[in-house]
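Heads up, structure07.txt below (compact mmCIF, C-alpha atoms):
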```
# COMPACT_ATOMS: atom_id res chain seq x y z
CA MET M 1 44.36 6.47 1.07
CA GLN M 2 42.79 8.82 3.65
CA LEU M 3 39.15 9.25 4.54
CA SER M 4 37.30 12.15 3.00
CA ASP M 5 36.66 15.14 5.24
CA LYS M 6 32.95 14.28 5.45
CA ALA M 7 33.67 10.65 6.38
CA GLN M 8 36.17 11.69 9.03
CA GLU M 9 33.69 14.21 10.42
CA ALA M 10 30.97 11.55 10.62
CA LEU M 11 33.39 9.18 12.35
CA ASN M 12 34.34 11.87 14.87
CA GLN M 13 30.69 12.74 15.56
CA VAL M 14 29.78 9.15 16.33
CA VAL M 15 32.81 8.70 18.60
CA ALA M 16 31.94 11.94 20.42
CA ARG M 17 28.34 10.81 20.89
CA PHE M 18 29.45 7.56 22.50
CA GLN M 19 31.99 9.32 24.70
CA SER M 20 29.45 11.91 25.89
CA GLY M 21 27.01 9.20 26.94
CA ASP M 22 24.35 10.34 24.48
CA LEU M 23 22.99 6.91 23.66
CA SER M 24 19.50 7.89 22.52
CA ALA M 25 17.83 5.05 20.65
CA VAL M 26 16.00 5.46 17.41
CA VAL M 27 13.18 2.94 17.37
CA GLU M 28 12.21 1.94 13.86
CA VAL M 29 10.44 -1.13 12.63
CA VAL M 30 11.92 -1.99 9.26
CA ARG M 31 10.63 -4.47 6.79
CA LEU M 32 10.98 -5.60 3.24
CA ARG M 33 8.25 -4.34 0.98
CA ARG M 34 6.87 -7.04 -1.24
CA GLN M 35 6.81 -6.12 -4.91
CA ALA M 36 3.75 -8.26 -5.57
CA ALA M 37 0.47 -8.22 -3.66
CA ASP M 38 0.34 -12.00 -3.38
CA ALA M 39 0.12 -12.31 0.40
CA PRO M 40 -3.00 -11.67 2.50
CA SER M 41 -0.90 -9.64 4.95
CA GLN M 42 -0.60 -6.91 2.33
CA SER M 43 -4.20 -5.94 3.07
CA TRP M 44 -3.64 -5.85 6.84
CA SER M 45 -3.30 -2.64 8.78
CA LEU M 46 0.23 -1.40 9.24
CA SER M 47 0.03 -2.16 12.97
CA ASN M 48 -0.82 -5.82 12.27
CA GLN M 49 1.95 -6.10 9.68
CA VAL M 50 4.38 -4.73 12.23
CA LEU M 51 3.04 -7.03 14.96
CA ALA M 52 3.49 -10.10 12.78
CA TYR M 53 6.94 -9.03 11.59
CA ILE M 54 8.21 -8.38 15.11
CA GLN M 55 7.10 -11.85 16.21
CA THR M 56 8.27 -13.79 13.14
CA HIS M 57 10.70 -11.64 11.10
CA SER M 58 8.58 -12.61 8.11
CA LEU M 59 6.39 -10.49 5.86
CA ASP M 60 4.31 -13.43 4.69
CA CYS M 61 2.16 -14.60 7.57
CA ARG M 62 -1.20 -16.29 7.08
CA GLY M 63 -3.84 -18.18 8.98
CA TYR M 64 -3.82 -22.00 9.06
CA ARG M 65 -6.55 -22.32 6.42
CA GLN M 66 -5.00 -19.63 4.23
CA TRP M 67 -1.81 -21.70 4.01
CA GLU M 68 -3.85 -24.77 3.11
CA GLN M 69 -5.50 -22.83 0.28
CA VAL M 70 -2.09 -22.32 -1.40
CA GLY M 71 -1.01 -25.93 -0.88
CA ARG M 72 1.14 -25.46 2.19
CA GLN M 73 0.86 -27.00 5.65
CA VAL M 74 1.86 -25.45 8.95
CA ARG M 75 4.53 -27.60 10.59
CA LYS M 76 3.60 -29.47 13.73
CA GLY M 77 4.65 -27.52 16.80
CA ALA M 78 5.03 -24.23 14.91
CA ARG M 79 4.58 -21.20 17.12
CA ALA M 80 1.82 -18.83 16.10
CA ALA M 81 2.13 -15.07 15.91
CA TRP M 82 -0.86 -13.06 17.04
CA ILE M 83 -2.51 -10.14 15.33
CA LEU M 84 -5.66 -8.20 16.15
CA ALA M 85 -8.81 -8.47 14.07
CA PRO M 86 -11.61 -5.92 14.54
CA ILE M 87 -15.00 -7.01 15.83
CA THR M 88 -17.58 -5.05 13.84
CA ILE M 89 -21.31 -4.65 14.05
CA LEU M 90 -23.85 -2.95 11.82
CA ILE M 91 -25.74 0.00 13.25
CA GLU M 92 -28.13 2.52 11.80
CA ASN M 93 -26.82 6.08 11.63
CA GLU M 94 -28.82 9.32 11.86
CA ASP M 95 -29.66 9.11 8.16
CA GLY M 96 -31.08 5.62 8.53
CA GLU M 97 -28.14 4.02 6.74
CA LYS M 98 -26.54 0.79 7.91
CA VAL M 99 -22.85 1.37 8.75
CA SER M 100 -20.19 -0.89 10.17
CA VAL M 101 -18.51 0.18 13.42
CA VAL M 102 -15.69 -1.42 15.42
CA ARG M 103 -16.75 -2.63 18.86
CA GLY M 104 -13.48 -4.25 19.88
CA PHE M 105 -10.71 -6.57 18.77
CA LYS M 106 -9.92 -10.26 18.98
CA SER M 107 -6.61 -12.10 18.76
CA VAL M 108 -6.02 -14.14 15.61
CA PRO M 109 -3.17 -16.67 15.19
CA VAL M 110 -1.08 -16.55 12.02
CA PHE M 111 2.02 -18.47 10.92
CA ALA M 112 5.11 -17.39 9.03
CA VAL M 113 6.05 -18.89 5.69
CA HIS M 114 9.23 -20.39 7.16
CA ASP M 115 7.02 -22.47 9.49
CA THR M 116 5.23 -24.16 6.58
CA ASP M 117 5.99 -26.86 4.01
CA GLY M 118 4.41 -27.60 0.66
CA LYS M 119 4.07 -26.11 -2.78
CA PRO M 120 6.55 -23.35 -3.68
CA LEU M 121 5.21 -19.82 -3.65
CA PRO M 122 5.67 -17.43 -6.57
CA GLN M 123 9.04 -15.70 -6.57
CA VAL M 124 8.93 -12.17 -5.23
CA ASP M 125 11.39 -9.37 -6.02
CA TYR M 126 12.42 -7.84 -2.69
CA THR M 127 14.90 -5.35 -4.15
CA PRO M 128 14.17 -1.89 -2.70
CA PRO M 129 12.77 0.59 -5.23
CA ILE M 130 15.61 2.97 -4.32
CA LEU M 131 18.92 1.28 -3.58
CA PRO M 132 20.83 2.51 -0.51
CA PRO M 133 24.06 4.50 -0.81
CA LEU M 134 27.16 2.43 -1.63
CA SER M 135 25.19 -0.12 -3.67
CA ASP M 136 27.39 0.83 -6.61
CA VAL M 137 30.49 0.32 -4.46
CA ALA M 138 29.27 -3.19 -3.60
CA ARG M 139 29.08 -3.97 -7.33
CA LYS M 140 32.56 -2.56 -7.96
CA LEU M 141 33.93 -4.71 -5.14
CA GLY M 142 32.30 -7.76 -6.67
CA VAL M 143 29.89 -8.25 -3.78
CA THR M 144 26.63 -9.96 -4.71
CA VAL M 145 23.74 -8.45 -2.76
CA ALA M 146 20.57 -10.51 -2.41
CA TRP M 147 17.49 -8.79 -0.99
CA GLN M 148 15.44 -11.63 0.44
CA PRO M 149 13.72 -12.84 3.60
CA THR M 150 16.30 -14.12 6.07
CA PRO M 151 16.11 -16.58 8.98
CA ALA M 152 14.31 -15.37 12.09
CA ASP M 153 17.56 -14.90 14.03
CA ARG M 154 19.05 -12.27 11.69
CA LEU M 155 18.25 -9.45 9.31
CA GLY M 156 21.30 -10.01 7.15
CA ASP M 157 24.51 -11.99 6.78
CA CYS M 158 27.79 -12.08 4.86
CA ASP M 159 29.76 -15.09 3.69
CA LEU M 160 33.31 -15.59 5.00
CA THR M 161 34.95 -14.39 1.78
CA GLY M 162 32.92 -11.19 1.63
CA GLN M 163 31.66 -12.07 -1.84
CA ARG M 164 27.96 -12.43 -1.01
CA ILE M 165 25.63 -10.70 1.40
CA ARG M 166 21.95 -11.25 2.08
CA VAL M 167 19.76 -8.46 3.40
CA GLY M 168 16.33 -9.17 4.84
CA THR M 169 15.22 -5.57 5.34
CA HIS M 170 15.23 -2.26 3.53
CA ASP M 171 16.93 -0.60 6.49
CA ALA M 172 20.14 0.94 5.17
CA GLN M 173 22.02 0.27 8.40
CA VAL M 174 21.68 -3.48 7.98
CA PHE M 175 23.00 -3.19 4.42
CA PHE M 176 25.89 -1.04 5.68
CA HIS M 177 26.65 -3.56 8.44
CA GLU M 178 26.91 -6.47 6.01
CA LEU M 179 28.82 -4.39 3.46
CA ALA M 180 31.28 -3.49 6.23
CA HIS M 181 31.78 -7.22 6.87
CA ALA M 182 32.49 -7.70 3.16
CA ALA M 183 35.03 -4.85 3.15
CA HIS M 184 36.64 -6.22 6.32
CA ALA M 185 37.01 -9.60 4.63
CA ARG M 186 39.02 -7.92 1.88
CA LEU M 187 41.43 -6.54 4.45
CA ASN M 188 42.07 -9.92 6.06
CA GLY M 189 41.43 -12.24 3.12
CA HIS M 190 38.37 -13.69 4.88
CA LEU M 191 36.22 -13.41 7.98
CA ARG M 192 36.28 -15.83 10.88
CA GLY M 193 33.21 -18.02 11.07
CA GLY M 194 30.63 -17.32 13.75
CA GLN M 195 29.76 -14.19 15.68
CA HIS M 196 33.04 -12.66 16.89
CA ALA M 197 32.96 -9.57 19.08
CA ASP M 198 35.67 -7.69 17.19
CA GLN M 199 34.13 -8.32 13.77
CA GLU M 200 30.65 -7.37 14.95
CA THR M 201 31.94 -4.21 16.65
CA ILE M 202 33.76 -3.13 13.48
CA ALA M 203 30.75 -3.80 11.24
CA GLU M 204 28.18 -2.13 13.51
CA PHE M 205 30.28 0.93 14.26
CA THR M 206 31.08 1.35 10.56
CA ALA M 207 27.35 1.13 9.76
CA CYS M 208 26.60 3.77 12.40
CA VAL M 209 29.20 6.10 10.87
CA LEU M 210 27.77 5.57 7.39
CA MET M 211 24.26 6.34 8.60
CA GLN M 212 25.62 9.58 10.02
CA LEU M 213 27.60 10.34 6.86
CA TYR M 214 24.61 9.95 4.56
CA GLY M 215 22.17 11.73 6.88
CA LEU M 216 19.99 8.67 7.35
CA GLY M 217 19.43 9.01 11.08
CA ASP M 218 21.13 8.74 14.44
CA ARG M 219 21.48 5.04 15.25
CA SER M 220 24.08 5.42 18.01
CA GLY M 221 21.69 4.07 20.64
CA ASN M 222 20.90 0.95 18.66
CA ALA M 223 24.56 0.49 17.74
CA TRP M 224 25.61 0.92 21.35
CA ARG M 225 23.24 -1.81 22.54
CA TYR M 226 24.40 -4.13 19.77
CA ILE M 227 28.09 -3.60 20.52
CA ARG M 228 27.50 -3.87 24.27
CA SER M 229 25.84 -7.26 23.74
CA TYR M 230 29.19 -8.55 22.47
CA ASN M 231 31.55 -6.69 24.81
CA SER M 232 31.72 -6.22 28.57
CA ASP M 233 33.65 -2.97 27.97
CA PRO M 234 32.09 -1.48 24.81
CA ILE M 235 34.03 1.80 24.95
CA ARG M 236 37.33 -0.10 24.95
CA ALA M 237 36.06 -2.39 22.16
CA ILE M 238 35.17 0.65 20.03
CA ALA M 239 38.55 2.26 20.70
CA GLU M 240 40.33 -0.92 19.64
CA ALA M 241 38.15 -1.17 16.52
CA LEU M 242 38.64 2.39 15.26
CA THR M 243 41.79 1.74 13.24
CA THR M 244 40.12 -1.10 11.38
CA VAL M 245 36.92 0.91 10.98
CA GLU M 246 38.93 3.62 9.22
CA LYS M 247 40.48 1.00 6.91
CA VAL M 248 37.03 -0.44 6.13
CA LEU M 249 35.77 3.03 5.26
CA GLU M 250 38.77 3.46 2.98
CA VAL M 251 37.95 0.20 1.17
CA LEU M 252 34.43 1.56 0.66
CA GLY M 253 35.91 4.77 -0.76
CA VAL M 254 34.29 7.20 1.64
```
Mind turning this structure into structure tokens?
Amino acid sequence: MQLSDKAQEALNQVVARFQSGDLSAVVEVVRLRRQAADAPSQSWSLSNQVLAYIQTHSLDCRGYRQWEQVGRQVRKGARAAWILAPITILIENEDGEKVSVVRGFKSVPVFAVHDTDGKPLPQVDYTPPILPPLSDVARKLGVTVAWQPTPADRLGDCDLTGQRIRVGTHDAQVFFHELAHAAHARLNGHLRGGQHADQETIAEFTACVLMQLYGLGDRSGNAWRYIRSYNSDPIRAIAEALTTVEKVLEVLGV
């Protein structure tokens, strides 16, 4: 089976971008969107939600007392994340009305749900309202996709057999990365445990090609940094991965 013309074109464009040295990064904070407004952070400003997420990789962060109110206790030694709360005062405007104005900000500590113990919280559906491309392919391949918060050291993962992936963000590239792992497992029968440079290079480069193919943004800069973190010679690593990347794309039917 050969790649479609569009898939081959996307692959060629990504390769050309790496070879030309155009490694522009696309900076995007991505996060799961809770399907139930059951966390105080849902009323925070977007900047505070992003601040907390960057520090904790969790969407459910609360103050110490707020966790106590739902029957959970912050673990001893847990590291706080810091958000900014406005300092407001009441003043009288030209019409004689009392209005609240912001006079500054103060730092407020909050803690992520994974740093607490206690009563279980209500289940939340983290499935994106619009599934990313290739979600139907995942089903056809028998891959179970779970959209859920993931540990702080990752945004997604794939089991060694490629039968189950977890995605802790609505960013399509993370889904593509884990789906590429699952497809790669079908080529070899299974993945090797742990973070192996060749497997990570194949998955990340495949995800970058798929982002290009579906017009979801140029992630070559982010992909380059990721691949470089695993390889002292990333260009060589990509060249060695290309044959397998093409096979992975064939498994995905693109």
**Q.** Closest of M:Cys208, M:Val70, M:Ile202, M:Leu131 to M:Pro40 - atom-to-atom distances counting all atoms listed in the file
**A.**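 The closest residue to M:Pro40 is M:Val70.
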(Q) Rounded to one decimal, what separation in Å do you get between atom CA of M:His181 and atom CA of M:Gly162? (A)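 These two atoms are separated by 6.7 Å.
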Within 12 Å of stretch 72-83 of chain M, counting only C-alpha atoms, which residues qualify if same-chain residues fewer than 2 places away don't, as an mmCIF file with C-alpha atoms, in the frame of the given file?
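Result went into part30.cif, see below:
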```cif
data_model
loop_
_atom_site.group_PDB
_atom_site.id
_atom_site.type_symbol
_atom_site.label_atom_id
_atom_site.label_comp_id
_atom_site.auth_asym_id
_atom_site.auth_seq_id
_atom_site.Cartn_x
_atom_site.Cartn_y
_atom_site.Cartn_z
ATOM 1 C CA SER M 41 -0.900 -9.640 4.950
ATOM 2 C CA TRP M 44 -3.640 -5.850 6.840
ATOM 3 C CA SER M 45 -3.300 -2.640 8.780
ATOM 4 C CA LEU M 46 0.230 -1.400 9.240
ATOM 5 C CA SER M 47 0.030 -2.160 12.970
ATOM 6 C CA ASN M 48 -0.820 -5.820 12.270
ATOM 7 C CA GLN M 49 1.950 -6.100 9.680
ATOM 8 C CA VAL M 50 4.380 -4.730 12.230
ATOM 9 C CA LEU M 51 3.040 -7.030 14.960
ATOM 10 C CA ALA M 52 3.490 -10.100 12.780
ATOM 11 C CA TYR M 53 6.940 -9.030 11.590
ATOM 12 C CA ILE M 54 8.210 -8.380 15.110
ATOM 13 C CA GLN M 55 7.100 -11.850 16.210
ATOM 14 C CA THR M 56 8.270 -13.790 13.140
ATOM 15 C CA HIS M 57 10.700 -11.640 11.100
ATOM 16 C CA SER M 58 8.580 -12.610 8.110
ATOM 17 C CA LEU M 59 6.390 -10.490 5.860
ATOM 18 C CA ASP M 60 4.310 -13.430 4.690
ATOM 19 C CA CYS M 61 2.160 -14.600 7.570
ATOM 20 C CA ARG M 62 -1.200 -16.290 7.080
ATOM 21 C CA GLY M 63 -3.840 -18.180 8.980
ATOM 22 C CA TYR M 64 -3.820 -22.000 9.060
ATOM 23 C CA ARG M 65 -6.550 -22.320 6.420
ATOM 24 C CA GLN M 66 -5.000 -19.630 4.230
ATOM 25 C CA TRP M 67 -1.810 -21.700 4.010
ATOM 26 C CA GLU M 68 -3.850 -24.770 3.110
ATOM 27 C CA GLN M 69 -5.500 -22.830 0.280
ATOM 28 C CA VAL M 70 -2.090 -22.320 -1.400
ATOM 29 C CA ALA M 85 -8.810 -8.470 14.070
ATOM 30 C CA PRO M 86 -11.610 -5.920 14.540
ATOM 31 C CA PHE M 105 -10.710 -6.570 18.770
ATOM 32 C CA LYS M 106 -9.920 -10.260 18.980
ATOM 33 C CA SER M 107 -6.610 -12.100 18.760
ATOM 34 C CA VAL M 108 -6.020 -14.140 15.610
ATOM 35 C CA PRO M 109 -3.170 -16.670 15.190
ATOM 36 C CA VAL M 110 -1.080 -16.550 12.020
ATOM 37 C CA PHE M 111 2.020 -18.470 10.920
ATOM 38 C CA ALA M 112 5.110 -17.390 9.030
ATOM 39 C CA VAL M 113 6.050 -18.890 5.690
ATOM 40 C CA HIS M 114 9.230 -20.390 7.160
ATOM 41 C CA ASP M 115 7.020 -22.470 9.490
ATOM 42 C CA THR M 116 5.230 -24.160 6.580
ATOM 43 C CA ASP M 117 5.990 -26.860 4.010
ATOM 44 C CA GLY M 118 4.410 -27.600 0.660
ATOM 45 C CA LYS M 119 4.070 -26.110 -2.780
ATOM 46 C CA PRO M 120 6.550 -23.350 -3.680
ATOM 47 C CA LEU M 121 5.210 -19.820 -3.650
#
```
Q | Spatial neighbours of M:Ala237, max dist 8 Å, only C-alpha atoms, sep filter under 6 positions, as a list in words | A |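 Once the adjacent positions are removed, what remains is Asp198, Thr201 and Asn231 of chain M.
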**Q.** Point-to-point distance from atom CA of M:Ala203 to atom CA of M:Glu178, Å rounded to tenths
**A.**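 Those two atoms sit 7.0 Å apart.
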Q: Give the answer as one residue: which of M:Pro122, M:Gly104, M:Gly189, M:Gly71 has the shortest atom-to-atom distance to M:Ile87, using all atoms listed in the file?
A: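 The shortest atom-to-atom distance to M:Ile87 comes from M:Gly104.
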**Q.** Separation of atom CA of M:Cys158 from atom CA of M:Val143, in Å and rounded to one decimal
**A.**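 Taking atom CA of M:Cys158 as the start and atom CA of M:Val143 as the end point, the length is 9.7 Å.
The smallest atom-to-atom distance between M:Gly142 and any of M:Gly156, M:Arg164, M:Pro128, M:Thr169, using all atoms listed in the file, is found for M:Arg164.
Nearest residue to M:Gly217 among M:Val167, M:Ala172, M:Leu90, M:Leu160 is M:Ala172, counting only C-alpha atoms.
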